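Raw contents of input_17.pdb, PDB, C-alpha atoms:
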ATOM      1  CA  MET A1220       9.282 176.691 133.978
ATOM      2  CA  ARG A1221       6.207 176.915 131.776
ATOM      3  CA  GLU A1222       4.042 180.016 131.814
ATOM      4  CA  ARG A1223       0.426 180.659 130.995
ATOM      5  CA  ASN A1224      -0.061 181.912 127.442
ATOM      6  CA  LYS A1225      -3.407 183.563 126.651
ATOM      7  CA  GLY A1226      -2.802 182.994 122.946
ATOM      8  CA  LEU A1227      -3.019 179.228 123.469
ATOM      9  CA  ARG A1228      -6.656 179.474 124.592
ATOM     10  CA  LYS A1229      -7.523 181.268 121.363
ATOM     11  CA  LYS A1230      -5.686 178.658 119.290
ATOM     12  CA  LYS A1231      -7.385 175.812 121.182
ATOM     13  CA  THR A1232     -10.887 177.237 120.673
ATOM     14  CA  GLU A1233     -10.187 177.951 116.990
ATOM     15  CA  LEU A1234      -8.995 174.362 116.489
ATOM     16  CA  VAL A1235     -12.109 172.908 118.128
ATOM     17  CA  LEU A1236     -14.410 175.084 116.006
ATOM     18  CA  LYS A1237     -12.431 174.354 112.818
ATOM     19  CA  ARG A1238     -12.930 170.633 113.430
ATOM     20  CA  GLY A1239     -16.695 171.165 113.717
ATOM     21  CA  GLY A1240     -16.862 171.011 117.508
ATOM     22  CA  THR A1241     -18.522 173.357 119.947
ATOM     23  CA  LEU A1242     -17.122 175.253 122.888
ATOM     24  CA  ALA A1243     -18.769 172.943 125.396
ATOM     25  CA  CYS A1244     -17.201 171.822 128.644
ATOM     26  CA  GLU A1245     -15.170 168.639 128.204
ATOM     27  CA  ALA A1246     -16.168 167.540 131.710
ATOM     28  CA  CYS A1247     -19.924 168.201 131.909
ATOM     29  CA  GLY A1248     -20.950 169.310 128.412
ATOM     30  CA  PHE A1249     -22.155 172.773 129.459
ATOM     31  CA  ASP A1250     -22.266 175.191 126.516
ATOM     32  CA  PHE A1251     -22.394 178.871 127.463
ATOM     33  CA  ALA A1252     -23.765 179.873 124.041
ATOM     34  CA  LYS A1253     -26.684 177.435 124.282
ATOM     35  CA  VAL A1254     -27.633 178.678 127.742
ATOM     36  CA  SER A1255     -26.761 182.393 127.527
ATOM     37  CA  GLY A1256     -27.171 183.067 123.811
ATOM     38  CA  THR A1257     -24.955 185.699 122.260
ATOM     39  CA  ARG A1258     -23.574 186.700 125.673
ATOM     40  CA  GLY A1259     -22.104 183.218 126.052
ATOM     41  CA  GLU A1260     -20.791 182.814 122.504
ATOM     42  CA  GLY A1261     -17.082 182.074 122.454
ATOM     43  CA  TYR A1262     -16.832 181.794 126.233
ATOM     44  CA  ILE A1263     -15.124 178.786 127.802
ATOM     45  CA  GLU A1264     -12.209 178.410 130.183
ATOM     46  CA  CYS A1265      -8.969 176.695 129.253
ATOM     47  CA  HIS A1266      -7.304 174.276 131.664
ATOM     48  CA  HIS A1267      -3.848 172.698 131.656
ATOM     49  CA  VAL A1268      -4.570 168.968 131.981
ATOM     50  CA  VAL A1269      -1.162 168.471 133.588
ATOM     51  CA  PRO A1270      -0.542 171.282 136.111
ATOM     52  CA  LEU A1271       2.262 173.628 135.083
ATOM     53  CA  HIS A1272       4.280 172.897 138.211
ATOM     54  CA  VAL A1273       4.160 169.170 137.382
ATOM     55  CA  ALA A1274       4.771 169.512 133.632
ATOM     56  CA  GLY A1275       8.068 171.284 134.146
ATOM     57  CA  GLU A1276       9.905 173.087 131.400
ATOM     58  CA  GLY A1277       8.844 172.783 127.809
ATOM     59  CA  THR A1278       6.247 173.974 125.370
ATOM     60  CA  THR A1279       2.544 173.579 126.048
ATOM     61  CA  ARG A1280       0.798 171.803 123.173
ATOM     62  CA  LEU A1281      -2.879 172.308 122.369
ATOM     63  CA  ALA A1282      -3.411 168.661 123.336
ATOM     64  CA  ASP A1283      -2.224 169.612 126.845
ATOM     65  CA  LEU A1284      -5.247 171.898 127.227
ATOM     66  CA  ALA A1285      -8.896 171.157 127.931
ATOM     67  CA  LEU A1286     -11.880 173.457 127.448
ATOM     68  CA  ILE A1287     -14.012 173.433 130.573
ATOM     69  CA  CYS A1288     -16.755 175.530 132.155
ATOM     70  CA  SER A1289     -16.025 177.694 135.163
ATOM     71  CA  ASN A1290     -17.875 175.351 137.555
ATOM     72  CA  CYS A1291     -15.862 172.309 136.493
ATOM     73  CA  HIS A1292     -12.670 174.363 136.553
ATOM     74  CA  ARG A1293     -13.398 175.238 140.197
ATOM     75  CA  MET A1294     -14.188 171.616 141.042
ATOM     76  CA  ILE A1295     -10.925 170.419 139.502
ATOM     77  CA  HIS A1296      -8.886 172.956 141.481
ATOM     78  CA  ARG A1297     -10.898 172.556 144.683
ATOM     79  CA  SER A1298      -8.424 170.187 146.321
ATOM     80  CA  ALA A1299      -5.575 167.860 145.488
ATOM     81  CA  PRO A1300      -5.332 165.381 144.013
ATOM     82  CA  TRP A1301      -6.782 167.253 141.056
ATOM     83  CA  PRO A1302      -8.869 165.144 138.698
ATOM     84  CA  THR A1303      -8.380 165.519 134.970
ATOM     85  CA  PRO A1304     -11.404 166.787 133.022
ATOM     86  CA  ALA A1305     -11.998 163.173 131.883
ATOM     87  CA  GLU A1306     -11.949 161.917 135.472
ATOM     88  CA  LEU A1307     -14.334 164.686 136.559
ATOM     89  CA  ARG A1308     -16.610 163.747 133.653
ATOM     90  CA  LEU A1309     -16.778 160.180 134.981
ATOM     91  CA  LEU A1310     -17.625 161.493 138.455
ATOM     92  CA  VAL A1311     -20.386 163.698 137.016
ATOM     93  CA  LEU A1312     -21.830 160.863 134.918
ATOM     94  CA  GLU A1313     -21.752 158.435 137.845
ATOM     95  CA  ARG A1314     -23.526 160.989 140.034
ATOM     96  CA  VAL A1315     -26.179 161.682 137.393
ATOM     97  CA  ASN A1316     -26.671 157.932 136.849
ATOM     98  CA  GLY A1317     -26.983 157.011 140.507
ATOM     99  CA  GLY A1318     -23.535 155.446 140.738
ATOM    100  CA  GLN A1319     -23.540 153.766 137.328
ATOM    101  CA  PRO A1320     -21.027 154.929 134.715
ATOM    102  CA  GLY A1321     -22.243 155.825 131.251
ATOM    103  CA  LEU A1322     -24.511 158.333 129.603
ATOM    104  CA  PRO A1323     -26.974 160.242 131.769
ATOM    105  CA  ARG A1324     -30.328 158.556 132.181
ATOM    106  CA  ARG A1325     -33.265 160.207 130.535
ATOM    107  CA  ARG A1326     -35.359 162.194 132.972
ATOM    108  CA  PRO A1327     -39.029 161.311 133.182
ATOM    109  CA  SER A1328     -41.215 163.669 131.225
ATOM    110  CA  THR A1329     -43.127 166.221 133.261
ATOM    111  CA  GLU A1330     -45.680 166.629 130.506
ATOM    112  CA  SER A1331     -49.007 164.866 130.708
ATOM    113  CA  VAL A1332     -49.682 162.138 128.157
ATOM    114  CA  ASP A1333     -53.064 163.787 127.516
ATOM    115  CA  ALA A1334     -51.564 167.184 126.735
TER     116      ALA A1334
END

Could I get this file's structure written as structure tokens?
Amino acid sequence: MRERNKGLRKKKTELVLKRGGTLACEACGFDFAKVSGTRGEGYIECHHVVPLHVAGEGTTRLADLALICSNCHRMIHRSAPWPTPAELRLLVLERVNGGQPGLPRRRPSTESVDA
């Protein structure tokens, strides 16, 4: 049976940063560093895309892991069947877009045109 390996999270985050990415949630895009500054730098949770009990024996590859925020991690594990981070992303985008898939719609500006 596979076991959780804390070293894999470190390797996954290092790989993402080495490739020029950010430690933003793969499901909703939340970036702890952008919101919390230095307190949030380097923080992100790591999720097995295929649950360990389903994956069976073998070695976990970095491609088997997704970087997600704590809120999305909770939503994924809330109840079975568990969505993948990509499936949760589609749910989030559809909700933000009023049922239409795709990029979030731009919110109307709250600033006055005269300002």

What do you get, as a tab-separated table (two decimals) with C-alpha atoms, in the frame of the given file, if you spell out every residue that the PyMOL selection byres ((chain A and resi 1264) around 6) selects here?
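Saved to expr.tsv:
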chain	number	residue	atom	x	y	z
A	1263	ILE	CA	-15.12	178.79	127.80
A	1265	CYS	CA	-8.97	176.70	129.25
A	1286	LEU	CA	-11.88	173.46	127.45
A	1287	ILE	CA	-14.01	173.43	130.57
A	1288	CYS	CA	-16.76	175.53	132.16

Restricting the calculation to all atoms listed in the file, which member of A:Ala1285, A:Phe1249, A:Ser1255, A:Gly1277 is positioned closest to Val1235 in chain A? A:Ala1285

So which residues touch Arg1280 in chain A within 10 Å, counting all atoms listed in the file, skipping near sequence neighbours fewer than 5 positions away, as a PyMOL selection string? chain A and resi 1227+1231+1267

For Cys1247 in chain A, work out the shell of residues within 7 Å, counting all atoms listed in the file and skipping chain neighbours fewer than 3 positions away, then give it as a list in words. Cys1244, Arg1308 and Val1311 of chain A

Could you list, as a list in words, every residue matched by the PyMOL selection byres ((chain A and resi 1242) around 7) in this structure?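 Applied to this file, the PyMOL selection byres ((chain A and resi 1242) around 7) returns Thr1232, Gly1240, Thr1241, Ala1243, Cys1244, Asp1250, Gly1261 and Ile1263 of chain A.
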
Rounded to one decimal, what separation in Å do you get between CA of Leu1236 in chain A and CA of Val1273 in chain A?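 It comes out at 28.9 Å.
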
Using CA of Leu1312 in chain A and CA of Cys1291 in chain A as the two end points, give the distance in Å to one decimal.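 CA of Cys1291 in chain A lies 13.0 Å from CA of Leu1312 in chain A.
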
Separation of CA of Thr1278 in chain A from CA of Thr1303 in chain A, in Å and rounded to one decimal: 19.4 Å

Any chance you could work out the axis-aligned box around range 1263-1278 of chain A, listed atoms only, 3 Å on each side, giving centre and edge lengths in Å to one decimal, as lines of an AutoDock Vina configuration file?
center_x = -2.6
center_y = 173.6
center_z = 131.8
size_x = 31.0
size_y = 16.3
size_z = 18.8

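In this comparison, which uses all atoms listed in the file, the residue of A:Leu1281, A:Val1254, A:Leu1307, A:Val1269 approaching Ile1295 in chain A most closely is A:Leu1307.
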
Name all residues at most 12 Å from Pro1302 in chain A (count all atoms listed in the file; drop same-chain ones fewer than 2 positions away) and give them as a list in words. Ala1246, His1266, His1267, Val1268, Val1269, Pro1270, Cys1291, His1292, Arg1293, Met1294, Ile1295, His1296, Arg1297, Ser1298, Ala1299, Pro1300, Pro1304, Ala1305, Glu1306, Leu1307, Arg1308, Leu1309, Leu1310 and Val1311 of chain A
